[in-house]
file query_1.cif (mmCIF, C-alpha atoms; chains and numbers go by the auth columns)
data_start
loop_
_atom_site.group_PDB
_atom_site.id
_atom_site.type_symbol
_atom_site.label_atom_id
_atom_site.label_comp_id
_atom_site.label_asym_id
_atom_site.label_seq_id
_atom_site.Cartn_x
_atom_site.Cartn_y
_atom_site.Cartn_z
_atom_site.B_iso_or_equiv
_atom_site.auth_seq_id
_atom_site.auth_asym_id
ATOM 1 C CA MET A 1 -153.518 0.660 88.245 0.00 1 A
ATOM 2 C CA THR A 2 -150.590 0.827 85.836 0.00 2 A
ATOM 3 C CA ASP A 3 -148.984 -2.261 84.269 0.00 3 A
ATOM 4 C CA GLU A 4 -145.775 -1.432 86.122 0.00 4 A
ATOM 5 C CA ILE A 5 -147.459 -1.430 89.537 0.00 5 A
ATOM 6 C CA MET A 6 -149.286 -4.648 88.727 0.00 6 A
ATOM 7 C CA ALA A 7 -146.009 -6.278 87.675 0.00 7 A
ATOM 8 C CA ASN A 8 -144.325 -5.109 90.875 0.00 8 A
ATOM 9 C CA ILE A 9 -147.148 -6.498 93.008 0.00 9 A
ATOM 10 C CA LEU A 10 -147.029 -9.849 91.225 0.00 10 A
ATOM 11 C CA ALA A 11 -143.251 -9.926 91.664 0.00 11 A
ATOM 12 C CA ALA A 12 -143.441 -9.168 95.384 0.00 12 A
ATOM 13 C CA SER A 13 -142.824 -12.178 97.576 0.00 13 A
ATOM 14 C CA THR A 14 -143.510 -10.660 101.008 0.00 14 A
ATOM 15 C CA LEU A 15 -146.281 -8.544 102.481 0.00 15 A
ATOM 16 C CA LYS A 16 -143.697 -5.891 103.341 0.00 16 A
ATOM 17 C CA GLN A 17 -142.779 -5.515 99.679 0.00 17 A
ATOM 18 C CA VAL A 18 -146.444 -5.062 98.773 0.00 18 A
ATOM 19 C CA GLU A 19 -146.799 -2.429 101.492 0.00 19 A
ATOM 20 C CA GLU A 20 -143.776 -0.566 100.105 0.00 20 A
ATOM 21 C CA ILE A 21 -145.393 -0.470 96.658 0.00 21 A
ATOM 22 C CA TYR A 22 -148.633 0.812 98.185 0.00 22 A
ATOM 23 C CA LYS A 23 -146.953 3.391 100.477 0.00 23 A
ATOM 24 C CA PRO A 24 -146.925 6.392 98.060 0.00 24 A
ATOM 25 C CA TYR A 25 -150.648 5.937 97.414 0.00 25 A
ATOM 26 C CA LYS A 26 -151.676 5.383 101.002 0.00 26 A
ATOM 27 C CA SER A 27 -153.870 8.218 102.197 0.00 27 A
ATOM 28 C CA LYS A 28 -152.727 9.747 105.442 0.00 28 A
ATOM 29 C CA LYS A 29 -155.318 9.821 108.188 0.00 29 A
ATOM 30 C CA LYS A 30 -156.784 13.261 108.547 0.00 30 A
ATOM 31 C CA THR A 31 -157.498 14.638 111.976 0.00 31 A
ATOM 32 C CA LYS A 32 -160.762 16.394 112.791 0.00 32 A
ATOM 33 C CA ALA A 33 -158.803 19.650 113.059 0.00 33 A
ATOM 34 C CA MET A 34 -157.296 19.161 109.588 0.00 34 A
ATOM 35 C CA ILE A 35 -160.770 18.618 108.129 0.00 35 A
ATOM 36 C CA ALA A 36 -162.039 21.754 109.906 0.00 36 A
ATOM 37 C CA ILE A 37 -159.116 23.799 108.546 0.00 37 A
ATOM 38 C CA GLU A 38 -159.827 22.498 105.042 0.00 38 A
ATOM 39 C CA LYS A 39 -163.403 23.676 105.428 0.00 39 A
ATOM 40 C CA GLY A 40 -162.111 27.172 106.222 0.00 40 A
ATOM 41 C CA PHE A 41 -163.035 27.244 109.922 0.00 41 A
ATOM 42 C CA GLN A 42 -159.607 28.555 111.027 0.00 42 A
ATOM 43 C CA VAL A 43 -160.859 32.127 110.753 0.00 43 A
ATOM 44 C CA VAL A 44 -163.663 31.397 113.239 0.00 44 A
ATOM 45 C CA ALA A 45 -161.287 29.581 115.595 0.00 45 A
ATOM 46 C CA ASP A 46 -159.037 32.668 115.541 0.00 46 A
ATOM 47 C CA MET A 47 -161.961 34.976 116.340 0.00 47 A
ATOM 48 C CA ILE A 48 -163.020 32.756 119.244 0.00 48 A
ATOM 49 C CA LYS A 49 -159.460 32.849 120.600 0.00 49 A
ATOM 50 C CA GLN A 50 -159.543 36.638 120.440 0.00 50 A
ATOM 51 C CA ASN A 51 -162.627 36.512 122.652 0.00 51 A
ATOM 52 C CA ILE A 52 -164.778 38.331 120.111 0.00 52 A
ATOM 53 C CA THR A 53 -168.453 38.247 121.121 0.00 53 A
ATOM 54 C CA ALA A 54 -170.663 35.542 119.690 0.00 54 A
ATOM 55 C CA GLY A 55 -172.841 38.146 117.981 0.00 55 A
ATOM 56 C CA THR A 56 -169.928 39.800 116.191 0.00 56 A
ATOM 57 C CA ILE A 57 -168.645 36.433 115.001 0.00 57 A
ATOM 58 C CA GLU A 58 -172.058 35.334 113.774 0.00 58 A
ATOM 59 C CA LYS A 59 -172.583 38.606 111.927 0.00 59 A
ATOM 60 C CA SER A 60 -169.094 38.732 110.405 0.00 60 A
ATOM 61 C CA GLU A 61 -168.689 38.272 106.674 0.00 61 A
ATOM 62 C CA GLU A 62 -166.144 35.481 107.199 0.00 62 A
ATOM 63 C CA PHE A 63 -168.671 33.518 109.233 0.00 63 A
ATOM 64 C CA GLN A 64 -171.597 34.176 106.912 0.00 64 A
ATOM 65 C CA VAL A 65 -169.582 32.936 103.923 0.00 65 A
ATOM 66 C CA LEU A 66 -168.955 29.631 105.712 0.00 66 A
ATOM 67 C CA LEU A 67 -172.598 29.065 106.659 0.00 67 A
ATOM 68 C CA SER A 68 -174.415 26.523 104.522 0.00 68 A
ATOM 69 C CA GLU A 69 -176.852 23.662 104.854 0.00 69 A
ATOM 70 C CA GLU A 70 -173.912 21.371 105.634 0.00 70 A
ATOM 71 C CA ASN A 71 -171.902 23.859 107.691 0.00 71 A
ATOM 72 C CA THR A 72 -174.359 24.950 110.319 0.00 72 A
ATOM 73 C CA LEU A 73 -173.424 27.098 113.330 0.00 73 A
ATOM 74 C CA GLU A 74 -172.937 23.926 115.401 0.00 74 A
ATOM 75 C CA VAL A 75 -170.701 22.285 112.785 0.00 75 A
ATOM 76 C CA ILE A 76 -168.540 25.423 112.476 0.00 76 A
ATOM 77 C CA LEU A 77 -168.226 25.755 116.260 0.00 77 A
ATOM 78 C CA GLU A 78 -167.367 22.081 116.655 0.00 78 A
ATOM 79 C CA GLY A 79 -164.722 22.395 113.941 0.00 79 A
ATOM 80 C CA SER A 80 -163.288 25.502 115.621 0.00 80 A
ATOM 81 C CA HIS A 81 -163.122 23.540 118.886 0.00 81 A
ATOM 82 C CA PHE A 82 -161.022 20.844 117.166 0.00 82 A
ATOM 83 C CA ILE A 83 -158.707 23.480 115.669 0.00 83 A
ATOM 84 C CA VAL A 84 -158.077 25.210 119.039 0.00 84 A
ATOM 85 C CA ALA A 85 -157.550 21.859 120.789 0.00 85 A
ATOM 86 C CA ALA A 86 -155.047 20.778 118.127 0.00 86 A
ATOM 87 C CA GLU A 87 -153.162 24.077 118.432 0.00 87 A
ATOM 88 C CA VAL A 88 -152.903 23.702 122.216 0.00 88 A
ATOM 89 C CA SER A 89 -151.775 20.083 122.029 0.00 89 A
ATOM 90 C CA SER A 90 -149.058 20.799 119.460 0.00 90 A
ATOM 91 C CA HIS A 91 -147.687 23.994 120.989 0.00 91 A
ATOM 92 C CA SER A 92 -143.957 23.232 120.873 0.00 92 A
ATOM 93 C CA ALA A 93 -142.782 25.934 123.328 0.00 93 A
ATOM 94 C CA MET A 94 -145.368 24.829 125.886 0.00 94 A
ATOM 95 C CA ARG A 95 -144.338 21.240 125.338 0.00 95 A
ATOM 96 C CA GLU A 96 -140.655 21.990 125.933 0.00 96 A
ATOM 97 C CA ASP A 97 -141.524 23.971 129.050 0.00 97 A
ATOM 98 C CA LEU A 98 -143.594 21.103 130.376 0.00 98 A
ATOM 99 C CA VAL A 99 -140.851 18.545 129.795 0.00 99 A
ATOM 100 C CA GLU A 100 -138.283 20.771 131.525 0.00 100 A
ATOM 101 C CA THR A 101 -140.631 21.515 134.445 0.00 101 A
ATOM 102 C CA LEU A 102 -141.394 17.845 134.887 0.00 102 A
ATOM 103 C CA LYS A 103 -137.701 16.960 134.818 0.00 103 A
ATOM 104 C CA GLN A 104 -137.003 19.516 137.546 0.00 104 A
ATOM 105 C CA TYR A 105 -140.085 19.355 139.726 0.00 105 A
ATOM 106 C CA GLY A 106 -141.972 16.236 138.624 0.00 106 A
ATOM 107 C CA THR A 107 -142.598 13.264 140.861 0.00 107 A
ATOM 108 C CA ILE A 108 -142.980 9.665 139.843 0.00 108 A
ATOM 109 C CA SER A 109 -145.295 7.585 141.996 0.00 109 A
ATOM 110 C CA SER A 110 -146.730 4.101 142.023 0.00 110 A
ATOM 111 C CA LYS A 111 -149.474 2.270 143.864 0.00 111 A
ATOM 112 C CA ILE A 112 -150.330 -1.388 144.096 0.00 112 A
ATOM 113 C CA LYS A 113 -152.850 -2.562 141.508 0.00 113 A
ATOM 114 C CA THR A 114 -156.454 -3.018 142.569 0.00 114 A
ATOM 115 C CA ALA A 115 -157.473 -6.365 144.067 0.00 115 A
ATOM 116 C CA LYS A 116 -159.501 -7.032 140.929 0.00 116 A
ATOM 117 C CA ALA A 117 -156.459 -6.439 138.679 0.00 117 A
ATOM 118 C CA LEU A 118 -154.269 -8.604 140.924 0.00 118 A
ATOM 119 C CA GLU A 119 -156.785 -11.441 140.686 0.00 119 A
ATOM 120 C CA LYS A 120 -156.371 -11.459 136.924 0.00 120 A
ATOM 121 C CA LEU A 121 -152.620 -12.085 137.109 0.00 121 A
ATOM 122 C CA ASN A 122 -151.355 -15.534 136.180 0.00 122 A
ATOM 123 C CA GLU A 123 -149.595 -17.737 138.731 0.00 123 A
ATOM 124 C CA LYS A 124 -146.109 -16.763 137.577 0.00 124 A
ATOM 125 C CA ASP A 125 -146.804 -13.029 137.885 0.00 125 A
ATOM 126 C CA THR A 126 -148.590 -13.470 141.230 0.00 126 A
ATOM 127 C CA LYS A 127 -145.410 -14.995 142.649 0.00 127 A
ATOM 128 C CA GLN A 128 -143.515 -11.891 141.538 0.00 128 A
ATOM 129 C CA ILE A 129 -145.684 -9.478 143.566 0.00 129 A
ATOM 130 C CA PRO A 130 -143.630 -9.579 146.830 0.00 130 A
ATOM 131 C CA LYS A 131 -140.555 -8.432 144.858 0.00 131 A
ATOM 132 C CA PHE A 132 -142.342 -5.155 144.185 0.00 132 A
ATOM 133 C CA ASP A 133 -143.449 -4.498 147.763 0.00 133 A
ATOM 134 C CA ILE A 134 -141.494 -1.262 148.084 0.00 134 A
ATOM 135 C CA TYR A 135 -143.269 0.073 145.025 0.00 135 A
ATOM 136 C CA ALA A 136 -146.752 -0.619 146.431 0.00 136 A
ATOM 137 C CA ASP A 137 -146.838 2.944 147.740 0.00 137 A
ATOM 138 C CA PHE A 138 -143.869 4.672 146.200 0.00 138 A
ATOM 139 C CA SER A 139 -143.027 8.266 145.345 0.00 139 A
ATOM 140 C CA CYS A 140 -139.782 9.909 144.242 0.00 140 A
ATOM 141 C CA PRO A 141 -138.765 13.200 142.578 0.00 141 A
ATOM 142 C CA LEU A 142 -137.929 12.560 138.932 0.00 142 A
ATOM 143 C CA PHE A 143 -134.454 14.050 139.188 0.00 143 A
ATOM 144 C CA LYS A 144 -133.585 11.601 141.976 0.00 144 A
ATOM 145 C CA ILE A 145 -134.882 8.411 140.412 0.00 145 A
ATOM 146 C CA LYS A 146 -132.325 5.679 139.789 0.00 146 A
ATOM 147 C CA PRO A 147 -132.194 3.466 136.665 0.00 147 A
ATOM 148 C CA TYR A 148 -132.870 0.280 138.666 0.00 148 A
ATOM 149 C CA GLN A 149 -136.018 1.902 140.083 0.00 149 A
ATOM 150 C CA ILE A 150 -137.245 2.754 136.582 0.00 150 A
ATOM 151 C CA LEU A 151 -136.662 -0.829 135.509 0.00 151 A
ATOM 152 C CA ALA A 152 -138.545 -2.161 138.533 0.00 152 A
ATOM 153 C CA LEU A 153 -141.436 0.254 138.002 0.00 153 A
ATOM 154 C CA ASN A 154 -141.701 -0.703 134.336 0.00 154 A
ATOM 155 C CA ARG A 155 -141.612 -4.392 135.174 0.00 155 A
ATOM 156 C CA GLY A 156 -144.202 -3.956 137.909 0.00 156 A
ATOM 157 C CA GLU A 157 -146.466 -1.985 135.600 0.00 157 A
ATOM 158 C CA ASN A 158 -146.296 -4.712 132.963 0.00 158 A
ATOM 159 C CA LEU A 159 -147.137 -7.556 135.323 0.00 159 A
ATOM 160 C CA MET B 1 -185.007 41.548 118.948 0.00 1 B
ATOM 161 C CA HIS B 2 -185.816 39.389 121.940 0.00 2 B
ATOM 162 C CA TYR B 3 -183.833 40.369 125.063 0.00 3 B
ATOM 163 C CA SER B 4 -182.474 36.825 125.614 0.00 4 B
ATOM 164 C CA ARG B 5 -181.177 36.785 122.024 0.00 5 B
ATOM 165 C CA ILE B 6 -179.335 40.075 122.668 0.00 6 B
ATOM 166 C CA ILE B 7 -177.721 38.567 125.769 0.00 7 B
ATOM 167 C CA GLU B 8 -176.812 35.451 123.771 0.00 8 B
ATOM 168 C CA LEU B 9 -175.189 37.494 121.015 0.00 9 B
ATOM 169 C CA ARG B 10 -173.202 39.539 123.516 0.00 10 B
ATOM 170 C CA SER B 11 -171.824 36.432 125.163 0.00 11 B
ATOM 171 C CA GLN B 12 -168.519 34.857 124.256 0.00 12 B
ATOM 172 C CA PHE B 13 -167.693 31.305 123.281 0.00 13 B
ATOM 173 C CA THR B 14 -165.901 30.834 126.597 0.00 14 B
ATOM 174 C CA GLU B 15 -167.279 27.340 127.178 0.00 15 B
ATOM 175 C CA LEU B 16 -166.058 26.211 123.792 0.00 16 B
ATOM 176 C CA LEU B 17 -162.640 27.712 124.477 0.00 17 B
ATOM 177 C CA GLU B 18 -162.451 26.078 127.897 0.00 18 B
ATOM 178 C CA GLU B 19 -163.381 22.675 126.495 0.00 19 B
ATOM 179 C CA ALA B 20 -160.958 23.011 123.592 0.00 20 B
ATOM 180 C CA PHE B 21 -158.111 24.002 125.935 0.00 21 B
ATOM 181 C CA LYS B 22 -158.952 21.139 128.295 0.00 22 B
ATOM 182 C CA GLU B 23 -158.893 18.664 125.420 0.00 23 B
ATOM 183 C CA GLY B 24 -155.703 20.157 123.992 0.00 24 B
ATOM 184 C CA TYR B 25 -153.908 20.101 127.342 0.00 25 B
ATOM 185 C CA THR B 26 -154.993 16.497 128.016 0.00 26 B
ATOM 186 C CA THR B 27 -153.508 15.390 124.701 0.00 27 B
ATOM 187 C CA LEU B 28 -150.377 17.450 125.331 0.00 28 B
ATOM 188 C CA PHE B 29 -149.885 16.030 128.851 0.00 29 B
ATOM 189 C CA LYS B 30 -150.343 12.452 127.629 0.00 30 B
ATOM 190 C CA SER B 31 -147.809 13.022 124.894 0.00 31 B
ATOM 191 C CA VAL B 32 -145.339 14.674 127.310 0.00 32 B
ATOM 192 C CA GLU B 33 -145.801 11.774 129.737 0.00 33 B
ATOM 193 C CA THR B 34 -144.852 9.361 126.966 0.00 34 B
ATOM 194 C CA GLU B 35 -141.813 11.492 126.147 0.00 35 B
ATOM 195 C CA VAL B 36 -140.700 11.644 129.800 0.00 36 B
ATOM 196 C CA ARG B 37 -141.207 7.884 130.145 0.00 37 B
ATOM 197 C CA GLY B 38 -138.952 7.459 127.125 0.00 38 B
ATOM 198 C CA LEU B 39 -136.322 9.743 128.658 0.00 39 B
ATOM 199 C CA LEU B 40 -136.437 7.794 131.924 0.00 40 B
ATOM 200 C CA SER B 41 -136.050 4.485 130.131 0.00 41 B
ATOM 201 C CA GLU B 42 -132.825 5.787 128.615 0.00 42 B
ATOM 202 C CA LEU B 43 -131.315 6.451 132.056 0.00 43 B
#
call {"tool": "encode", "arguments": {"input": "query_1.cif", "output": "structure tokens"}}
result
Amino acid sequence: MTDEIMANILAASTLKQVEEIYKPYKSKKKTKAMIAIEKGFQVVADMIKQNITAGTIEKSEEFQVLLSEENTLEVILEGSHFIVAAEVSSHSAMREDLVETLKQYGTISSKIKTAKALEKLNEKDTKQIPKFDIYADFSCPLFKIKPYQILALNRGENL
Amino acid sequence: MHYSRIIELRSQFTELLEEAFKEGYTTLFKSVETEVRGLLSEL
């Protein structure tokens, strides 16, 4: 730690100020896919996506180079799994399509909470239940939903 | 080479792909749901 950083920390009067000083040094959390990419497993993930046979992948130079005591076949395959999953989940075009499809054809629905969940409610919330009767078995296309219904559904969900 | 090993080598990693896609789609759907909820709250 440099003298400057130490001086800044000692001069800080709130936790937020300390966090600001620490921010540039804070390590960002790595995902399992990021770790797998760092290890060089992307090439295997790409081969799996191309539906290349297991034998060809195992025999390929790219795969053989990756193999080690630490990076066994199982470890490489698991890493490739994380890479493919991350690619699917962050596919922006697919995401936009999904949002648009949901906006046009999606349905919002609600059901009354289970008896067990209702039992856990405090007295104040229990008294509120009758107000949400129409949402006990409710369904509506997303494009038709009204703001007051959204508010009621959110309130009911948070009871 | 043992016959079962030949079969194994000729097979594809379809199960892995299926699982990875399932996991990816689940994450994507959850994230889209959050986004749509946000859009609805702005109505």
call {"tool": "atom_distance", "arguments": {"input": "query_1.cif", "atom1": "CA of Ile108 in chain A", "atom2": "CA of Leu142 in chain A"}}
result
5.9 Å
call {"tool": "atom_distance", "arguments": {"input": "query_1.cif", "atom1": "CA of Ser4 in chain B", "atom2": "CA of Ile52 in chain A"}}
result
18.6 Å
call {"tool": "closest_residue", "arguments": {"input": "query_1.cif", "among": "B:Lys30, B:His2, B:Arg37, B:Arg10", "to": "chain A", "atoms": "all atoms listed in the file"}}
result
B:Arg10
call {"tool": "residues_around", "arguments": {"input": "query_1.cif", "residues": "Leu73 in chain A", "least_positions_apart": "5", "cutoff": "9 Å", "atoms": "only C-alpha atoms", "output": "list of chain:residue names"}}
result
A:Glu58, A:Phe63, A:Leu67, A:Ser68, A:Glu78
call {"tool": "atom_distance", "arguments": {"input": "query_1.cif", "atom1": "CA of Ala152 in chain A", "atom2": "CA of Thr101 in chain A"}}
result
24.1 Å
call {"tool": "closest_residue", "arguments": {"input": "query_1.cif", "among": "A:Leu10, A:Leu77, A:Ile57, A:Ile37", "to": "Ala20 in chain B", "atoms": "only C-alpha atoms"}}
result
A:Leu77
call {"tool": "residues_around", "arguments": {"input": "query_1.cif", "residues": "Asn71 in chain A", "least_positions_apart": "4", "cutoff": "12 Å", "atoms": "all atoms listed in the file", "output": "PyMOL selection string"}}
result
chain A and resi 36+39-41+63-67+75-80
call {"tool": "resolve_selection", "arguments": {"input": "query_1.cif", "expression": "the PyMOL selection byres ((chain B) within 9 of (chain A))", "output": "ChimeraX atom specification"}}
result
/B:6,8-14,16-17,19-29,31-33,35-36,40-43
call {"tool": "write_last_selection", "arguments": {"input": "query_1.cif", "atoms": "C-alpha atoms", "output": "PDB file, in the coordinates of the input"}}
result
ATOM      1  CA  ILE B   6    -179.335  40.075 122.668  1.00  0.00           C
ATOM      2  CA  GLU B   8    -176.812  35.451 123.771  1.00  0.00           C
ATOM      3  CA  LEU B   9    -175.189  37.494 121.015  1.00  0.00           C
ATOM      4  CA  ARG B  10    -173.202  39.539 123.516  1.00  0.00           C
ATOM      5  CA  SER B  11    -171.824  36.432 125.163  1.00  0.00           C
ATOM      6  CA  GLN B  12    -168.519  34.857 124.256  1.00  0.00           C
ATOM      7  CA  PHE B  13    -167.693  31.305 123.281  1.00  0.00           C
ATOM      8  CA  THR B  14    -165.901  30.834 126.597  1.00  0.00           C
ATOM      9  CA  LEU B  16    -166.058  26.211 123.792  1.00  0.00           C
ATOM     10  CA  LEU B  17    -162.640  27.712 124.477  1.00  0.00           C
ATOM     11  CA  GLU B  19    -163.381  22.675 126.495  1.00  0.00           C
ATOM     12  CA  ALA B  20    -160.958  23.011 123.592  1.00  0.00           C
ATOM     13  CA  PHE B  21    -158.111  24.002 125.935  1.00  0.00           C
ATOM     14  CA  LYS B  22    -158.952  21.139 128.295  1.00  0.00           C
ATOM     15  CA  GLU B  23    -158.893  18.664 125.420  1.00  0.00           C
ATOM     16  CA  GLY B  24    -155.703  20.157 123.992  1.00  0.00           C
ATOM     17  CA  TYR B  25    -153.908  20.101 127.342  1.00  0.00           C
ATOM     18  CA  THR B  26    -154.993  16.497 128.016  1.00  0.00           C
ATOM     19  CA  THR B  27    -153.508  15.390 124.701  1.00  0.00           C
ATOM     20  CA  LEU B  28    -150.377  17.450 125.331  1.00  0.00           C
ATOM     21  CA  PHE B  29    -149.885  16.030 128.851  1.00  0.00           C
ATOM     22  CA  SER B  31    -147.809  13.022 124.894  1.00  0.00           C
ATOM     23  CA  VAL B  32    -145.339  14.674 127.310  1.00  0.00           C
ATOM     24  CA  GLU B  33    -145.801  11.774 129.737  1.00  0.00           C
ATOM     25  CA  GLU B  35    -141.813  11.492 126.147  1.00  0.00           C
ATOM     26  CA  VAL B  36    -140.700  11.644 129.800  1.00  0.00           C
ATOM     27  CA  LEU B  40    -136.437   7.794 131.924  1.00  0.00           C
ATOM     28  CA  SER B  41    -136.050   4.485 130.131  1.00  0.00           C
ATOM     29  CA  GLU B  42    -132.825   5.787 128.615  1.00  0.00           C
ATOM     30  CA  LEU B  43    -131.315   6.451 132.056  1.00  0.00           C
TER      31      LEU B  43
END
call {"tool": "closest_residue", "arguments": {"input": "query_1.cif", "among": "A:Val18, A:Met34, A:Asp97, A:Lys113", "to": "Met6 in chain A", "atoms": "only C-alpha atoms"}}
result
A:Val18
call {"tool": "resolve_selection", "arguments": {"input": "query_1.cif", "expression": "the PyMOL selection byres ((chain A and resi 111) around 8)", "output": "number ranges by chain"}}
result
A: 109-110, 112-113, 135-138
call {"tool": "axis_aligned_box", "arguments": {"input": "query_1.cif", "around": "range 28-41 of chain B", "padding_each_side": "4 Å", "output": "AutoDock Vina command-line options"}}
result
--center_x -143.2 --center_y 11.0 --center_z 128.4 --size_x 22.3 --size_y 21.0 --size_z 15.0
call {"tool": "build_atoms", "arguments": {"input": "query_1.cif", "residues": "range 97-113 of chain A", "atoms": "N, CA and C atoms", "output": "mmCIF file, keeping the file's coordinate frame"}}
result
data_model
loop_
_atom_site.group_PDB
_atom_site.id
_atom_site.type_symbol
_atom_site.label_atom_id
_atom_site.label_comp_id
_atom_site.auth_asym_id
_atom_site.auth_seq_id
_atom_site.Cartn_x
_atom_site.Cartn_y
_atom_site.Cartn_z
ATOM 1 N N ASP A 97 -141.415 23.466 127.677
ATOM 2 C CA ASP A 97 -141.524 23.971 129.050
ATOM 3 C C ASP A 97 -141.992 22.880 130.002
ATOM 4 N N LEU A 98 -143.015 22.163 129.546
ATOM 5 C CA LEU A 98 -143.594 21.103 130.376
ATOM 6 C C LEU A 98 -142.575 20.004 130.662
ATOM 7 N N VAL A 99 -141.851 19.602 129.623
ATOM 8 C CA VAL A 99 -140.851 18.545 129.795
ATOM 9 C C VAL A 99 -139.788 19.002 130.796
ATOM 10 N N GLU A 100 -139.322 20.247 130.626
ATOM 11 C CA GLU A 100 -138.283 20.771 131.525
ATOM 12 C C GLU A 100 -138.804 20.882 132.965
ATOM 13 N N THR A 101 -140.032 21.373 133.107
ATOM 14 C CA THR A 101 -140.631 21.515 134.445
ATOM 15 C C THR A 101 -140.766 20.157 135.112
ATOM 16 N N LEU A 102 -141.233 19.188 134.323
ATOM 17 C CA LEU A 102 -141.394 17.845 134.887
ATOM 18 C C LEU A 102 -140.053 17.265 135.310
ATOM 19 N N LYS A 103 -139.028 17.495 134.490
ATOM 20 C CA LYS A 103 -137.701 16.960 134.818
ATOM 21 C C LYS A 103 -137.192 17.564 136.134
ATOM 22 N N GLN A 104 -137.490 18.840 136.334
ATOM 23 C CA GLN A 104 -137.003 19.516 137.546
ATOM 24 C C GLN A 104 -137.876 19.283 138.777
ATOM 25 N N TYR A 105 -139.188 19.383 138.564
ATOM 26 C CA TYR A 105 -140.085 19.355 139.726
ATOM 27 C C TYR A 105 -141.049 18.162 139.756
ATOM 28 N N GLY A 106 -141.021 17.342 138.698
ATOM 29 C CA GLY A 106 -141.972 16.236 138.624
ATOM 30 C C GLY A 106 -141.697 15.135 139.633
ATOM 31 N N THR A 107 -142.723 14.385 139.931
ATOM 32 C CA THR A 107 -142.598 13.264 140.861
ATOM 33 C C THR A 107 -143.156 12.019 140.185
ATOM 34 N N ILE A 108 -142.463 10.917 140.374
ATOM 35 C CA ILE A 108 -142.980 9.665 139.843
ATOM 36 C C ILE A 108 -143.533 8.874 141.026
ATOM 37 N N SER A 109 -144.719 8.336 140.872
ATOM 38 C CA SER A 109 -145.295 7.585 141.996
ATOM 39 C C SER A 109 -145.958 6.314 141.494
ATOM 40 N N SER A 110 -146.059 5.355 142.379
ATOM 41 C CA SER A 110 -146.730 4.101 142.023
ATOM 42 C C SER A 110 -147.546 3.590 143.194
ATOM 43 N N LYS A 111 -148.594 2.882 142.850
ATOM 44 C CA LYS A 111 -149.474 2.270 143.864
ATOM 45 C C LYS A 111 -149.713 0.832 143.453
ATOM 46 N N ILE A 112 -150.025 0.008 144.405
ATOM 47 C CA ILE A 112 -150.330 -1.388 144.096
ATOM 48 C C ILE A 112 -151.605 -1.450 143.257
ATOM 49 N N LYS A 113 -151.666 -2.435 142.357
ATOM 50 C CA LYS A 113 -152.850 -2.562 141.508
ATOM 51 C C LYS A 113 -154.065 -2.913 142.349
#
